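Right, one structure below, let's go through it.
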Amino acid sequence: MISQSKKVLFLFFIFFNGIINSESILIQNVTIYDGKNNNPFVGNVLVDGNKISRVSTSNLRGDKVIDATGKILTPGIISTDTDIGIVEIGALSVTRDDSSDLYKIGFSIYDAFNPNSVLIPWNRSNGITSTLTLPQNTDSPIGGLGSFFVLDSNLEITGIKDNVMIGRVGGSGGESRSETFSIMEDLLEFASSIDSKDIESYQDAADLIDDSPIAETMELHPRDLKALYRLINDDLPLIIKANRASDLLKLINIKEKYDLNLIIIGAQEAGLVANKIAESDIPLIINPINNIPESFDELAANIELAGNLERIGITLMFNAPRSHNYHLIRQGAGVAVANGMSYEGALKAITLSPVEIFNLGNRGQIAQGNIADLIIWDADPLEPSSMPEKVFINGKDIDLTSRMSRLTDRYTKNKDKPNGYRN
Amino acid sequence: MTKLIKYSFLIFACFIEAKPFESTYEPLPSENILIRNANIYDGEGNEFKETDLLIQERKIVAIGKDLPVGNEFLIIDASNKWVTPGIIDIHSHMGVYPAPGVSTSSDGNEATSPVTADVWAEHSIWVQDPQYALALKGGITAFHILPGSANLIGGRGVTVKNLQRNTINSMKFPDAPHSLKMACGENPKRVYGNRQQAPSTRMGNAAGYRKSWIQAQAYLSRLDEYEAKSDEAKEIGYAPQRDLEMDTLAGVLRGEILVHNHCYRAEEMATMINIANEFNYKITAFHHGVEAYKIADLLAENNICGALWADWWGFKHEAYDMVQANIAIVDQALGGKGCAIVHSDDAIGIQHLNQEASKALAAGLRAGFDISKARAMNWITSNPAKAAGIYDQTGSLKVGKNADVVIWSKNPFSVYALVERVFIDGATAYNRENNFQPASDFDVGIISPEKNRTEE
């Protein structure tokens, strides 16, 4: 009897759930910032299933209507350069999955991603709907693979595996940066010489390593060779961390020589070589709030960098170094606007630009047919005091509860109960 | 022999009476100024719209509508702009961890012994740190520089004016008390535990503080005993030998040095309050206090400020239970008797303390508290001034106080607000309009010989 009623309930749940999924959602009378540099407009957005089915200034009909008069709608924010899902607590190595001693180039963090990390509901409730999660730099100047993850908390990961490679060059306290560049070029020469047949079998790849001085010296593994092959042949985006102006010029040179899909992260001195970066069409990931000359590579750090680079026509994306709060790219974007960047440009840097640069599918812009990753904001999203009122990921209205909101409730409500017995 | 006794007495007299390393601060040239028609947060919880602020002889002399002034006043039209007191950061490592962050000037942690009450942050400060000028453009007029948190007792902190000078004494805030940096939790137990020495546990931490206070009590009683003697008796007896470490701890027990305690977890803060009660000293503020919201009433009952971040968390286990309403909950404890401070601990954060306060306020409002922007302004002005022991001189726009004043282009709780002008003691220290700003020697000709570091 009991089991039968459970079964009925289960069937009812499936049925009911099905209805919810097929129910279209109309976000009505909302101020739309579409993410693509366009001026905002007041209109209506219809979400059907996981897609945006209509964007219009004329009236639309939907099964469920959300009146968003006076509110702002943006695409879900995409944080590039995070460790969401692979680092739970920075100083606690047992919760870190962001580095490898063995694999220098083909190290992937994808299988380590934890969809139950508390960072996910927190960053999501602050407007981040997806992330480009990157490992720590390895011992190789190029190497380590990052992945794209949608922050939907599904244990079955929604994302793109190993879609970027990282690297770094600069003052290290160890070898000369000249050696770093040489290793980088040797690896790229070697990568250019790899034929797909050479790495089909593990043994063939191992033999190739034995025959290559750089691969042997660096103790590469077949896994590393596959990644190198992809870098050259699959146009894999390569995100190199570099700051000093002279390093940026050298990277431009390397990009042209090996026809790389190069993105530079950091780029604190980009203002000194901005025209060259623009000519070579290299997108940058910068932290617009960081104006600290933190090292001798970053002496030209400047709060007006984002605006200056935008005016020269460089494609920008933003990152935020502060541990765990990747939504603070909104604050960085606001600071960029306060210091000379256009509002639409700053918003694009955290929505559509990462999608275009990293090929993240049809998202990042509020447009018909795109995946419905959307945020309804209570006020200007670039004000760090603003918060999402609603977050949609894949068209689904996401509950905004986080561990932080639960703890807040615990210590502001039901205070008559001992704290252990509160909700 | 008598000579020797006299000599030692003299040294001792110096130790209790003369102040070494005294401030030699001299303000910049000032003018008498009328800031006209400004919107004002006064740092005392008040907001005044379209109001004048009068600065004369480096002091605030009046706030009011349509204040009449003579020709000798510089008049600044601040219509549609906002005016606040100079912003104060109660937790900075500028100077002791300057930029660039290189090992040769990384001077914030004397991590060679868990108790280093004898070291003073001001003896580490690099006066050419380029970060001061950046903070000035964020409205910072004074800040409190602390040693790091590697040690249980890390040494003395110092409060300085945000005016870069060539000696530390000339930056020191006149008559500001020293502070003592103490640290709970993971940092000391990690640093020393990794070396197989005490402390390696939190109970080891607690034992370490208590041992030090026991020594300090003994030192202080010898000192008291000696000082109670008649001048004749002092001449024929020996003065207790001076001890730098004990000097500092005795200063705390005498209430002359303010305790600033790095501490994250709620139960550790409660333990530190127990220790303070055991040895009869006062904790001025807990710093970082990611779990302060769990014991907000206890902090308010003990008149302890929470110097907190708006949202930092997760870098350590003891920083895992972050809530963004932390600052608001501490502020609103016991019906609004709490003391909340927004601190930076960071050279970027210090430039945007107004934005940090804005986030903390927004979180507080969402948690259901009724807090005005004018009150939230206290978190970065009067409350840190109180915790630094300089509230009698600065931290709010009260008549008679130093004219430490910031003019903002917009409401400072907006990310788009820029600092237009900063006055320290009535003197312009920064003016966006004509690009009047300091540059440290480090900035000079370092990228391009003919320019300063950030010049286009």
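So you can find residues: chains in the structure tokens are A, B, ... in the order shown, residues in each start at 1, and ligands are numbered from 1 in order.
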
Next on the checklist: Using DSSP assignments from the backbone, pull out every residue in stretch 211-393 of chain A that falls under alpha helix (DSSP H) and give it to me as a PyMOL selection string.
Outcome noted: chain A and resi 211+213-217+222-233+245-258+274-279+305-312+329-338+343-349+352-358

Export of prior selection with C-alpha atoms as a PDB file, in the first residue's frame:
```
ATOM      1  CA  ASP A 211      63.400  11.067 -30.036  1.00  0.00           C
ATOM      2  CA  PRO A 213      65.251  16.444 -26.832  1.00  0.00           C
ATOM      3  CA  ILE A 214      62.731  18.944 -25.457  1.00  0.00           C
ATOM      4  CA  ALA A 215      60.075  16.285 -24.808  1.00  0.00           C
ATOM      5  CA  GLU A 216      62.607  14.062 -23.147  1.00  0.00           C
ATOM      6  CA  THR A 217      64.182  16.810 -21.051  1.00  0.00           C
ATOM      7  CA  PRO A 222      51.892  10.718 -24.300  1.00  0.00           C
ATOM      8  CA  ARG A 223      49.024  12.625 -22.697  1.00  0.00           C
ATOM      9  CA  ASP A 224      51.084  15.802 -22.996  1.00  0.00           C
ATOM     10  CA  LEU A 225      51.730  15.163 -26.692  1.00  0.00           C
ATOM     11  CA  LYS A 226      48.039  14.858 -27.443  1.00  0.00           C
ATOM     12  CA  ALA A 227      47.486  18.256 -25.880  1.00  0.00           C
ATOM     13  CA  LEU A 228      50.364  19.750 -27.868  1.00  0.00           C
ATOM     14  CA  TYR A 229      48.902  18.302 -31.051  1.00  0.00           C
ATOM     15  CA  ARG A 230      45.527  19.857 -30.291  1.00  0.00           C
ATOM     16  CA  LEU A 231      47.165  23.221 -29.606  1.00  0.00           C
ATOM     17  CA  ILE A 232      48.564  23.404 -33.117  1.00  0.00           C
ATOM     18  CA  ASN A 233      45.944  21.493 -35.092  1.00  0.00           C
ATOM     19  CA  ALA A 245      55.457  45.072 -22.056  1.00  0.00           C
ATOM     20  CA  SER A 246      58.479  43.350 -23.589  1.00  0.00           C
ATOM     21  CA  ASP A 247      57.001  39.932 -22.794  1.00  0.00           C
ATOM     22  CA  LEU A 248      53.750  40.914 -24.453  1.00  0.00           C
ATOM     23  CA  LEU A 249      55.636  41.870 -27.635  1.00  0.00           C
ATOM     24  CA  LYS A 250      57.526  38.589 -27.668  1.00  0.00           C
ATOM     25  CA  LEU A 251      54.245  36.690 -27.265  1.00  0.00           C
ATOM     26  CA  ILE A 252      52.786  38.575 -30.224  1.00  0.00           C
ATOM     27  CA  ASN A 253      55.787  37.400 -32.196  1.00  0.00           C
ATOM     28  CA  ILE A 254      55.281  33.774 -31.102  1.00  0.00           C
ATOM     29  CA  LYS A 255      51.574  33.910 -31.848  1.00  0.00           C
ATOM     30  CA  GLU A 256      52.249  35.041 -35.428  1.00  0.00           C
ATOM     31  CA  LYS A 257      55.033  32.529 -35.963  1.00  0.00           C
ATOM     32  CA  TYR A 258      53.021  29.502 -34.855  1.00  0.00           C
ATOM     33  CA  ALA A 274      48.320  48.431 -27.069  1.00  0.00           C
ATOM     34  CA  ASN A 275      48.531  49.137 -30.791  1.00  0.00           C
ATOM     35  CA  LYS A 276      50.578  46.002 -31.413  1.00  0.00           C
ATOM     36  CA  ILE A 277      48.142  43.886 -29.396  1.00  0.00           C
ATOM     37  CA  ALA A 278      45.237  45.338 -31.354  1.00  0.00           C
ATOM     38  CA  GLU A 279      46.980  44.733 -34.704  1.00  0.00           C
ATOM     39  CA  LEU A 305      43.776  50.326 -18.376  1.00  0.00           C
ATOM     40  CA  ALA A 306      40.415  48.827 -19.391  1.00  0.00           C
ATOM     41  CA  GLY A 307      39.087  52.059 -20.885  1.00  0.00           C
ATOM     42  CA  ASN A 308      42.359  52.788 -22.657  1.00  0.00           C
ATOM     43  CA  LEU A 309      42.480  49.325 -24.241  1.00  0.00           C
ATOM     44  CA  GLU A 310      38.817  49.438 -25.235  1.00  0.00           C
ATOM     45  CA  ARG A 311      39.373  52.684 -27.140  1.00  0.00           C
ATOM     46  CA  ILE A 312      42.163  51.058 -29.144  1.00  0.00           C
ATOM     47  CA  ILE A 329      34.188  40.751 -11.829  1.00  0.00           C
ATOM     48  CA  ARG A 330      30.985  42.817 -11.676  1.00  0.00           C
ATOM     49  CA  GLN A 331      32.670  45.236  -9.266  1.00  0.00           C
ATOM     50  CA  GLY A 332      35.772  45.253 -11.478  1.00  0.00           C
ATOM     51  CA  ALA A 333      33.584  46.002 -14.482  1.00  0.00           C
ATOM     52  CA  GLY A 334      31.958  48.862 -12.552  1.00  0.00           C
ATOM     53  CA  VAL A 335      35.372  50.258 -11.643  1.00  0.00           C
ATOM     54  CA  ALA A 336      36.372  50.000 -15.319  1.00  0.00           C
ATOM     55  CA  VAL A 337      33.324  52.069 -16.270  1.00  0.00           C
ATOM     56  CA  ALA A 338      34.013  54.617 -13.529  1.00  0.00           C
ATOM     57  CA  TYR A 343      29.115  50.450 -19.893  1.00  0.00           C
ATOM     58  CA  GLU A 344      28.119  48.146 -22.741  1.00  0.00           C
ATOM     59  CA  GLY A 345      31.756  47.229 -23.344  1.00  0.00           C
ATOM     60  CA  ALA A 346      32.261  46.314 -19.690  1.00  0.00           C
ATOM     61  CA  LEU A 347      29.143  44.165 -19.699  1.00  0.00           C
ATOM     62  CA  LYS A 348      30.204  42.471 -22.927  1.00  0.00           C
ATOM     63  CA  ALA A 349      33.556  41.625 -21.328  1.00  0.00           C
ATOM     64  CA  LEU A 352      29.473  37.674 -24.791  1.00  0.00           C
ATOM     65  CA  SER A 353      33.222  38.166 -25.208  1.00  0.00           C
ATOM     66  CA  PRO A 354      34.247  34.962 -23.381  1.00  0.00           C
ATOM     67  CA  VAL A 355      31.708  33.052 -25.482  1.00  0.00           C
ATOM     68  CA  GLU A 356      33.093  34.422 -28.745  1.00  0.00           C
ATOM     69  CA  ILE A 357      36.745  33.978 -27.783  1.00  0.00           C
ATOM     70  CA  PHE A 358      36.428  30.513 -26.256  1.00  0.00           C
TER      71      PHE A 358
END
```

Item to check | Shell of 8 Å around stretch 312-318 of chain B, only C-alpha atoms, local chain residues under 3 positions omitted, as a ChimeraX atom specification | outcome: /A:88-92,322-325 /B:185-186,264-265,290,309,321-322

Using only C-alpha atoms, find each residue in chain A having at least one atom no more than 10 Å away from chain B; report its shortest atom-to-atom pair and that distance in Å (one decimal), rows by chain then rising number, as a tab-separated table.
```
residue	atom	partner	partner_atom	distance
A:Val87	CA	B:Gly314	CA	9.3
A:Glu88	CA	B:Gly314	CA	7.2
A:Ile89	CA	B:Gly314	CA	5.2
A:Gly90	CA	B:Phe315	CA	4.2
A:Ala91	CA	B:Lys316	CA	5.0
A:Leu92	CA	B:Lys316	CA	6.8
A:Val118	CA	B:Tyr320	CA	9.7
A:Leu119	CA	B:Gly314	CA	8.9
A:Gly271	CA	B:Glu456	CA	9.0
A:Leu272	CA	B:Glu456	CA	9.0
A:Ile289	CA	B:Ile348	CA	7.3
A:Asn290	CA	B:Ile348	CA	6.4
A:Asn291	CA	B:Ile348	CA	7.3
A:Ile292	CA	B:Ala99	CA	7.0
A:Pro293	CA	B:Pro100	CA	5.6
A:Glu294	CA	B:Pro100	CA	4.4
A:Ser295	CA	B:Pro100	CA	4.5
A:Phe296	CA	B:Pro100	CA	6.4
A:Asp297	CA	B:Pro100	CA	9.2
A:Glu298	CA	B:Pro100	CA	8.5
A:Leu299	CA	B:Arg453	CA	6.8
A:Ala300	CA	B:Thr454	CA	5.9
A:Ala301	CA	B:Thr454	CA	7.2
A:Asn302	CA	B:Thr454	CA	6.4
A:Ile303	CA	B:Thr454	CA	9.3
A:Glu304	CA	B:Thr454	CA	9.8
A:Arg322	CA	B:Trp312	CA	7.5
A:Ser323	CA	B:Phe315	CA	6.0
A:His324	CA	B:Gly314	CA	6.1
A:Asn325	CA	B:Trp312	CA	7.3
A:Leu328	CA	B:Asp311	CA	9.7
A:Gln331	CA	B:Val415	CA	7.2
A:Gly332	CA	B:Val415	CA	9.2
A:Ala333	CA	B:Val415	CA	9.4
A:Gly334	CA	B:Val415	CA	5.8
A:Val335	CA	B:Val415	CA	6.2
A:Ala336	CA	B:Tyr416	CA	9.0
A:Val337	CA	B:Tyr416	CA	7.2
A:Ala338	CA	B:Tyr416	CA	4.6
A:Asn339	CA	B:Tyr416	CA	8.1
A:Leu382	CA	B:Val415	CA	7.7
A:Glu383	CA	B:Val415	CA	5.6
A:Pro384	CA	B:Lys359	CA	6.0
A:Ser385	CA	B:Lys359	CA	4.6
A:Ser386	CA	B:Ala362	CA	7.5
A:Met387	CA	B:Ala362	CA	8.9
A:Arg403	CA	B:Asp321	CA	8.3
A:Met404	CA	B:Val323	CA	5.1
A:Ser405	CA	B:Val323	CA	7.1
A:Arg406	CA	B:Val323	CA	9.0
A:Leu407	CA	B:Val323	CA	6.8
A:Thr408	CA	B:Val323	CA	6.0
A:Asp409	CA	B:Ala367	CA	7.7
A:Arg410	CA	B:Lys294	CA	9.1
A:Tyr411	CA	B:Lys294	CA	6.5
A:Thr412	CA	B:Ala367	CA	7.4
A:Lys413	CA	B:Ala367	CA	9.4
A:Asn419	CA	B:Lys294	CA	9.0
```

Next on the checklist: as a list in words, please: the residues near B:Leu249 (cut-off 10 Å, only C-alpha atoms, same-chain neighbours under 3 positions excluded).
Outcome noted: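 So, after excluding close chain neighbours, the residues are Ala117, Asp118, Ile153, Gly155, Arg156, Leu180, Ser212, Trp213, Gln215, Ala216, Gln217, Tyr219, Leu220, Leu244, Glu245, Met246, Val252, Leu253, Arg254, Gly255, Glu256, Ile257, Val259 and Tyr281 of chain B.
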
For the residues selected in the previous step, produce a file with N, CA and C atoms as a compact mmCIF listing (two decimals), in the first residue's frame.
```
# COMPACT_ATOMS: atom_id res chain seq x y z
N ALA B 117 56.57 40.60 20.81
CA ALA B 117 55.97 41.87 21.24
C ALA B 117 56.99 43.00 21.17
N ASP B 118 58.26 42.65 21.00
CA ASP B 118 59.32 43.66 20.98
C ASP B 118 59.46 44.37 19.64
N ILE B 153 51.71 36.89 19.22
CA ILE B 153 51.83 38.31 19.53
C ILE B 153 52.88 38.85 18.57
N GLY B 155 53.68 42.10 17.54
CA GLY B 155 54.41 43.36 17.68
C GLY B 155 53.48 44.56 17.60
N ARG B 156 54.11 45.74 17.66
CA ARG B 156 53.32 46.97 17.69
C ARG B 156 52.92 47.45 16.31
N LEU B 180 48.81 46.71 19.59
CA LEU B 180 49.50 45.41 19.65
C LEU B 180 48.75 44.43 18.76
N SER B 212 52.66 34.60 28.16
CA SER B 212 53.21 35.94 27.96
C SER B 212 52.58 36.95 28.91
N TRP B 213 51.28 36.84 29.12
CA TRP B 213 50.63 37.80 30.01
C TRP B 213 51.06 37.60 31.46
N GLN B 215 54.04 36.68 32.39
CA GLN B 215 55.34 37.39 32.45
C GLN B 215 55.12 38.90 32.52
N ALA B 216 54.17 39.36 31.72
CA ALA B 216 53.94 40.81 31.67
C ALA B 216 53.41 41.33 33.00
N GLN B 217 52.55 40.52 33.63
CA GLN B 217 52.04 40.94 34.94
C GLN B 217 53.18 41.07 35.95
N TYR B 219 56.33 41.61 35.32
CA TYR B 219 57.14 42.76 34.91
C TYR B 219 56.48 44.06 35.38
N LEU B 220 55.17 44.11 35.17
CA LEU B 220 54.44 45.32 35.53
C LEU B 220 54.45 45.54 37.04
N LEU B 244 62.20 44.95 26.06
CA LEU B 244 61.39 45.50 24.97
C LEU B 244 60.06 44.77 24.82
N GLU B 245 60.13 43.44 24.95
CA GLU B 245 58.91 42.66 24.79
C GLU B 245 57.90 43.00 25.89
N MET B 246 58.45 43.07 27.12
CA MET B 246 57.58 43.34 28.27
C MET B 246 57.09 44.79 28.28
N VAL B 252 50.04 47.42 27.26
CA VAL B 252 48.65 46.95 27.07
C VAL B 252 47.95 46.85 28.42
N LEU B 253 48.65 46.26 29.40
CA LEU B 253 48.01 46.07 30.72
C LEU B 253 47.71 47.41 31.38
N ARG B 254 48.51 48.43 31.04
CA ARG B 254 48.24 49.78 31.56
C ARG B 254 47.21 50.54 30.74
N GLY B 255 46.72 49.91 29.66
CA GLY B 255 45.69 50.55 28.85
C GLY B 255 46.22 51.60 27.89
N GLU B 256 47.54 51.62 27.69
CA GLU B 256 48.11 52.64 26.81
C GLU B 256 48.26 52.14 25.38
N ILE B 257 48.27 50.84 25.21
CA ILE B 257 48.44 50.25 23.88
C ILE B 257 47.19 49.44 23.56
N VAL B 259 44.80 46.69 21.78
CA VAL B 259 44.95 45.34 21.23
C VAL B 259 44.09 45.16 19.99
N TYR B 281 43.00 43.09 30.51
CA TYR B 281 43.27 44.06 29.44
C TYR B 281 42.07 44.11 28.51
```

Checklist entry - From the list B:Ser396, B:Asn303, B:Thr141, B:Gln332, which residue is nearest B:Leu365 when using only C-alpha atoms? => result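 Going through B:Ser396, B:Asn303, B:Thr141, B:Gln332 one by one, the smallest distance to B:Leu365 is for B:Gln332.
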
Next on the checklist: Show me, as a PyMOL selection string, the residues that have an atom within 6 Å of B:Gly306 when counting only C-alpha atoms, minus same-chain residues fewer than 2 positions from it.
Outcome noted: chain B and resi 285-286+308+340-341
